[in-house]
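To start, the structure under review is shown below, and the notes come after it.
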Amino acid sequence: MSLKINLLSLSLLLGSSLARDVPSNIQKLYKDIKSQGQCNNKLASGFYSTEEGDNNFSYCGDRLKTSNIIYIQGTGGQFTNMDIDCDGTQGSAADDGRCGNSGDTQSITSFADTVAGYNQGIKDLDANIHPYVVFGNSGSKNGYKTFDPTKYGIKPLSVMAVVCGDQLVYGIWGDENGADGDKAVVGEASISLATKCYGTSMNGNNGHDENDVLYIAFVGQNAVPGAGGAKWAAKNFNEFESSIEKLGDKLIGGIST
C-alpha cells in the first residue's frame with residue numbers, strides 16, 4: 001500500500017511538471033514569424049525589450065485578419081524577453097519569497113476591479129498563482145510610447161498563449177506596462193508563468209533575458225473565460241492553468257499558418 005501511494009505521489013508530481021508540447025501549427029507560426037524578421041503591420045512601435053537595448057519592438061497585427069491574434073516582435077527575427085511581474089495580491093500561501101527582491105512590486109493589477117467583480121472569493125490576481133501576461137503600455141510621459149490592446153479587440157482577462165522554453169503555456173492578459181520606468185518596455189509575465197517556462201531561478205529581480213518568447217493575444221469576447229470559465233480562486237499555478245486549458249486549446253487551434 002505504501003509503495004502504491006509513493007508511486008501515485010511520484011506520478012502526480014511528474015504529471016504536474018510535464019511541459020505542454022508546442023502544437024505543429026504554432027511551431028510553424030513561430031518559425032514563419034522569426035524568418036520574416038520583423039512585422040509588417042506595426043500597430044504600435046518604438047518599444048524596448050530592456051531599457052539598455054534598442055527601441056525596435058512592436059505590437060504586430062500581421063495575423064489580425066487571418067487568425068485574430070496580436071503578438072510582439074522586434075527586428076532581426078527577435079521576439080521579446082520575459083521580465084518578472086509580482087504585482088497583485090501579496091503574501092498568499094503560494095508566495096515562496098522569490099518576489100521579495102523585486103523593487104517595483106505594486107499591490108494591484110490593472111484589472112483588479114473586474115477580478116473582484118467575478119465574486120469568486122479573490123480581490124485581485126496573485127502573481128504566484130495566476131499565469132498572467134503584462135500586455136499593452138500606458139502612461140502620459142512626454143514621448144512615452146503607448147499601446148491599448150482593447151482598441152483592437154483584445155479583452156481584459158482574456159486567455160493568452162506563450163511560447164517559451166520549447167513549450168506552450170496558457171495565461172491571461174492580467175496587467176499593463178505602466179510609465180514607471182524611463183522607457184516603454186515590453187515582455188513581462190507573472191512569476192508563476194515565468195517559473196513554468198524557466199524554473200525556480202526566476203525571481204523578482206531575475207527574468208529570462210533572451211528575446212525568444214512569443215506572446216500571443218486573441219481578439220474577441222470568445223477568448224474571455226469569465227467568472228465561471230476559470231478557477232480564479234485556485235491555490236496554485238497548475239490548478240489555475242489547467243482550468244483555462246480547454247479554452248486555450250480551442251483558441252490555438254484556430255490559428256492558421
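Labels used: A, B, ... for chains in the order of the C-alpha cells, numbers from 1 for residues in each chain, and numbers from 1 for ligands as shown.
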**Request:** From the DSSP assignment of the backbone, select every residue of region 18-146 of chain A that is helix (DSSP H, G or I), and format the answer as a list in words.
**Result:** Ser24, Asn25, Ile26, Gln27, Lys28, Leu29, Tyr30, Lys31, Asp32, Ile33, Lys34, Ser35, Gln36, Leu64, Lys65, Thr66, Ser67, Ala112, Asp113, Thr114, Val115, Ala116 and Gly117 of chain A
Written file, previous selection with N, CA and C atoms, as a PDB file, in the first residue's frame:
```pdb
ATOM      1  N   SER A  24       1.930  21.744 -33.800  1.00  0.00           N
ATOM      2  CA  SER A  24       2.615  21.930 -35.081  1.00  0.00           C
ATOM      3  C   SER A  24       2.281  23.268 -35.735  1.00  0.00           C
ATOM      4  N   ASN A  25       1.016  23.709 -35.618  1.00  0.00           N
ATOM      5  CA  ASN A  25       0.671  24.986 -36.245  1.00  0.00           C
ATOM      6  C   ASN A  25       1.354  26.162 -35.563  1.00  0.00           C
ATOM      7  N   ILE A  26       1.587  26.036 -34.253  1.00  0.00           N
ATOM      8  CA  ILE A  26       2.267  27.112 -33.526  1.00  0.00           C
ATOM      9  C   ILE A  26       3.777  27.046 -33.750  1.00  0.00           C
ATOM     10  N   GLN A  27       4.304  25.850 -33.917  1.00  0.00           N
ATOM     11  CA  GLN A  27       5.709  25.732 -34.304  1.00  0.00           C
ATOM     12  C   GLN A  27       5.955  26.433 -35.632  1.00  0.00           C
ATOM     13  N   LYS A  28       5.045  26.202 -36.579  1.00  0.00           N
ATOM     14  CA  LYS A  28       5.188  26.843 -37.890  1.00  0.00           C
ATOM     15  C   LYS A  28       5.011  28.350 -37.781  1.00  0.00           C
ATOM     16  N   LEU A  29       4.036  28.788 -36.974  1.00  0.00           N
ATOM     17  CA  LEU A  29       3.825  30.215 -36.763  1.00  0.00           C
ATOM     18  C   LEU A  29       5.103  30.861 -36.228  1.00  0.00           C
ATOM     19  N   TYR A  30       5.679  30.260 -35.216  1.00  0.00           N
ATOM     20  CA  TYR A  30       6.901  30.774 -34.593  1.00  0.00           C
ATOM     21  C   TYR A  30       8.018  30.889 -35.639  1.00  0.00           C
ATOM     22  N   LYS A  31       8.215  29.824 -36.417  1.00  0.00           N
ATOM     23  CA  LYS A  31       9.296  29.815 -37.415  1.00  0.00           C
ATOM     24  C   LYS A  31       9.040  30.839 -38.515  1.00  0.00           C
ATOM     25  N   ASP A  32       7.785  30.927 -38.960  1.00  0.00           N
ATOM     26  CA  ASP A  32       7.456  31.870 -40.031  1.00  0.00           C
ATOM     27  C   ASP A  32       7.653  33.317 -39.595  1.00  0.00           C
ATOM     28  N   ILE A  33       7.193  33.632 -38.381  1.00  0.00           N
ATOM     29  CA  ILE A  33       7.362  34.999 -37.876  1.00  0.00           C
ATOM     30  C   ILE A  33       8.842  35.326 -37.712  1.00  0.00           C
ATOM     31  N   LYS A  34       9.570  34.377 -37.170  1.00  0.00           N
ATOM     32  CA  LYS A  34      11.004  34.585 -36.944  1.00  0.00           C
ATOM     33  C   LYS A  34      11.745  34.801 -38.269  1.00  0.00           C
ATOM     34  N   SER A  35      11.437  33.969 -39.263  1.00  0.00           N
ATOM     35  CA  SER A  35      12.133  34.071 -40.549  1.00  0.00           C
ATOM     36  C   SER A  35      11.749  35.343 -41.303  1.00  0.00           C
ATOM     37  N   GLN A  36      10.559  35.873 -41.020  1.00  0.00           N
ATOM     38  CA  GLN A  36      10.139  37.125 -41.656  1.00  0.00           C
ATOM     39  C   GLN A  36      10.997  38.296 -41.188  1.00  0.00           C
ATOM     40  N   LEU A  64      -3.823  39.580 -37.797  1.00  0.00           N
ATOM     41  CA  LEU A  64      -5.123  40.005 -37.270  1.00  0.00           C
ATOM     42  C   LEU A  64      -6.276  39.496 -38.138  1.00  0.00           C
ATOM     43  N   LYS A  65      -6.155  39.637 -39.436  1.00  0.00           N
ATOM     44  CA  LYS A  65      -7.242  39.258 -40.335  1.00  0.00           C
ATOM     45  C   LYS A  65      -7.361  37.749 -40.500  1.00  0.00           C
ATOM     46  N   THR A  66      -6.241  37.056 -40.506  1.00  0.00           N
ATOM     47  CA  THR A  66      -6.268  35.621 -40.780  1.00  0.00           C
ATOM     48  C   THR A  66      -6.486  34.773 -39.532  1.00  0.00           C
ATOM     49  N   SER A  67      -5.982  35.239 -38.366  1.00  0.00           N
ATOM     50  CA  SER A  67      -6.042  34.410 -37.157  1.00  0.00           C
ATOM     51  C   SER A  67      -6.535  35.135 -35.923  1.00  0.00           C
ATOM     52  N   ALA A 112      -8.006  44.572 -11.469  1.00  0.00           N
ATOM     53  CA  ALA A 112      -8.409  44.084 -10.149  1.00  0.00           C
ATOM     54  C   ALA A 112      -9.918  44.241  -9.929  1.00  0.00           C
ATOM     55  N   ASP A 113     -10.493  45.333 -10.400  1.00  0.00           N
ATOM     56  CA  ASP A 113     -11.929  45.553 -10.205  1.00  0.00           C
ATOM     57  C   ASP A 113     -12.749  44.475 -10.905  1.00  0.00           C
ATOM     58  N   THR A 114     -12.307  44.084 -12.086  1.00  0.00           N
ATOM     59  CA  THR A 114     -13.015  43.031 -12.814  1.00  0.00           C
ATOM     60  C   THR A 114     -12.885  41.698 -12.097  1.00  0.00           C
ATOM     61  N   VAL A 115     -11.674  41.404 -11.621  1.00  0.00           N
ATOM     62  CA  VAL A 115     -11.449  40.162 -10.872  1.00  0.00           C
ATOM     63  C   VAL A 115     -12.364  40.112  -9.656  1.00  0.00           C
ATOM     64  N   ALA A 116     -12.390  41.185  -8.889  1.00  0.00           N
ATOM     65  CA  ALA A 116     -13.237  41.240  -7.694  1.00  0.00           C
ATOM     66  C   ALA A 116     -14.708  41.105  -8.064  1.00  0.00           C
ATOM     67  N   GLY A 117     -15.074  41.687  -9.201  1.00  0.00           N
ATOM     68  CA  GLY A 117     -16.458  41.638  -9.649  1.00  0.00           C
ATOM     69  C   GLY A 117     -16.933  40.257 -10.060  1.00  0.00           C
TER      70      GLY A 117
END
```
Write out, as a tab-separated table, each residue of region 49-94 of chain A that has an atom at most 7 Å from region 203-214 of chain A, together with the closest pair of atoms and their distance in Å to one decimal, counting only C-alpha atoms, rows going by chain and rising number.
```
residue	atom	partner	partner_atom	distance
A:Ile72	CA	A:Leu214	CA	7.0
A:Gln78	CA	A:Asn211	CA	5.6
A:Phe79	CA	A:Asn211	CA	5.0
A:Thr80	CA	A:Asn211	CA	3.9
A:Asn81	CA	A:Asn211	CA	4.3
A:Met82	CA	A:His208	CA	5.0
A:Asp83	CA	A:Gly207	CA	4.7
A:Ile84	CA	A:Gly207	CA	5.6
A:Asp85	CA	A:Gly204	CA	7.0
A:Cys86	CA	A:Gly204	CA	6.7
```
- Which distance in Å separates CA of Ser92 (chain A) and CA of Ala179 (chain A), to one decimal?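 Separation of CA of Ser92 (chain A) and CA of Ala179 (chain A): 27.1 Å.
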- Run DSSP on the backbone and grab whatever in region 115-201 of chain A lands in strand (DSSP E or B); send it over as a PyMOL selection string. chain A and resi 126+132-137+147+154+159-164+167-177+185+188-190
Write the residues of the selection above to a file with C-alpha atoms, as a compact mmCIF listing (two decimals), in the first residue's frame.
```txt
# COMPACT_ATOMS: atom_id res chain seq x y z
CA ASP A 126 -1.87 36.64 -7.48
CA TYR A 132 -0.71 36.45 -16.39
CA VAL A 133 0.99 38.41 -19.15
CA VAL A 134 1.77 42.11 -18.95
CA PHE A 135 0.50 43.35 -22.31
CA GLY A 136 -0.13 46.88 -23.52
CA ASN A 137 1.59 50.09 -22.46
CA PHE A 147 -0.49 50.80 -26.86
CA ILE A 154 -8.30 42.25 -27.00
CA VAL A 159 -6.63 33.90 -22.42
CA MET A 160 -3.18 34.35 -23.94
CA ALA A 161 -0.67 31.81 -25.20
CA VAL A 162 3.06 31.99 -24.53
CA VAL A 163 5.75 30.03 -26.37
CA CYS A 164 8.71 29.83 -24.03
CA GLN A 167 6.79 24.67 -24.55
CA LEU A 168 3.37 26.27 -24.76
CA VAL A 169 1.91 27.85 -21.63
CA TYR A 170 -1.55 29.37 -21.25
CA GLY A 171 -2.09 32.55 -19.29
CA ILE A 172 -4.36 35.58 -19.21
CA TRP A 173 -3.96 39.23 -20.01
CA GLY A 174 -3.73 40.45 -16.45
CA ASP A 175 -1.67 43.64 -16.30
CA GLU A 176 -0.24 46.51 -18.34
CA ASN A 177 3.15 48.15 -18.57
CA VAL A 185 9.25 48.24 -22.29
CA GLU A 188 6.85 40.64 -18.90
CA ALA A 189 4.85 37.93 -17.14
CA SER A 190 3.87 36.88 -13.65
```
Residues within 7 Å of Gly139 (chain A), only C-alpha atoms, excluding chain neighbours under 4 positions, as a list in words |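 These residues fall inside the cut-off: Tyr144, Thr146, Gly178 and Ala179 of chain A.
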Selection from above, N, CA and C atoms, as an mmCIF file, in the first residue's frame, can you write it?
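And here is the file that came out, result06.cif:
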```cif
data_model
loop_
_atom_site.group_PDB
_atom_site.id
_atom_site.type_symbol
_atom_site.label_atom_id
_atom_site.label_comp_id
_atom_site.auth_asym_id
_atom_site.auth_seq_id
_atom_site.Cartn_x
_atom_site.Cartn_y
_atom_site.Cartn_z
ATOM 1 N N TYR A 144 6.469 59.146 -24.404
ATOM 2 C CA TYR A 144 6.364 57.759 -23.957
ATOM 3 C C TYR A 144 5.431 56.994 -24.883
ATOM 4 N N THR A 146 2.832 54.283 -26.153
ATOM 5 C CA THR A 146 1.714 53.575 -25.525
ATOM 6 C C THR A 146 1.046 52.658 -26.540
ATOM 7 N N GLY A 178 3.149 50.091 -17.138
ATOM 8 C CA GLY A 178 2.917 51.488 -16.814
ATOM 9 C C GLY A 178 4.142 52.340 -17.104
ATOM 10 N N ALA A 179 4.006 53.628 -16.901
ATOM 11 C CA ALA A 179 5.104 54.566 -17.158
ATOM 12 C C ALA A 179 5.934 54.774 -15.899
#
```
In terms of only C-alpha atoms, the residue from A:Gly100, A:Ile122, A:Trp232, A:Gly37 at minimal distance from Gly77 (chain A) is A:Gly37
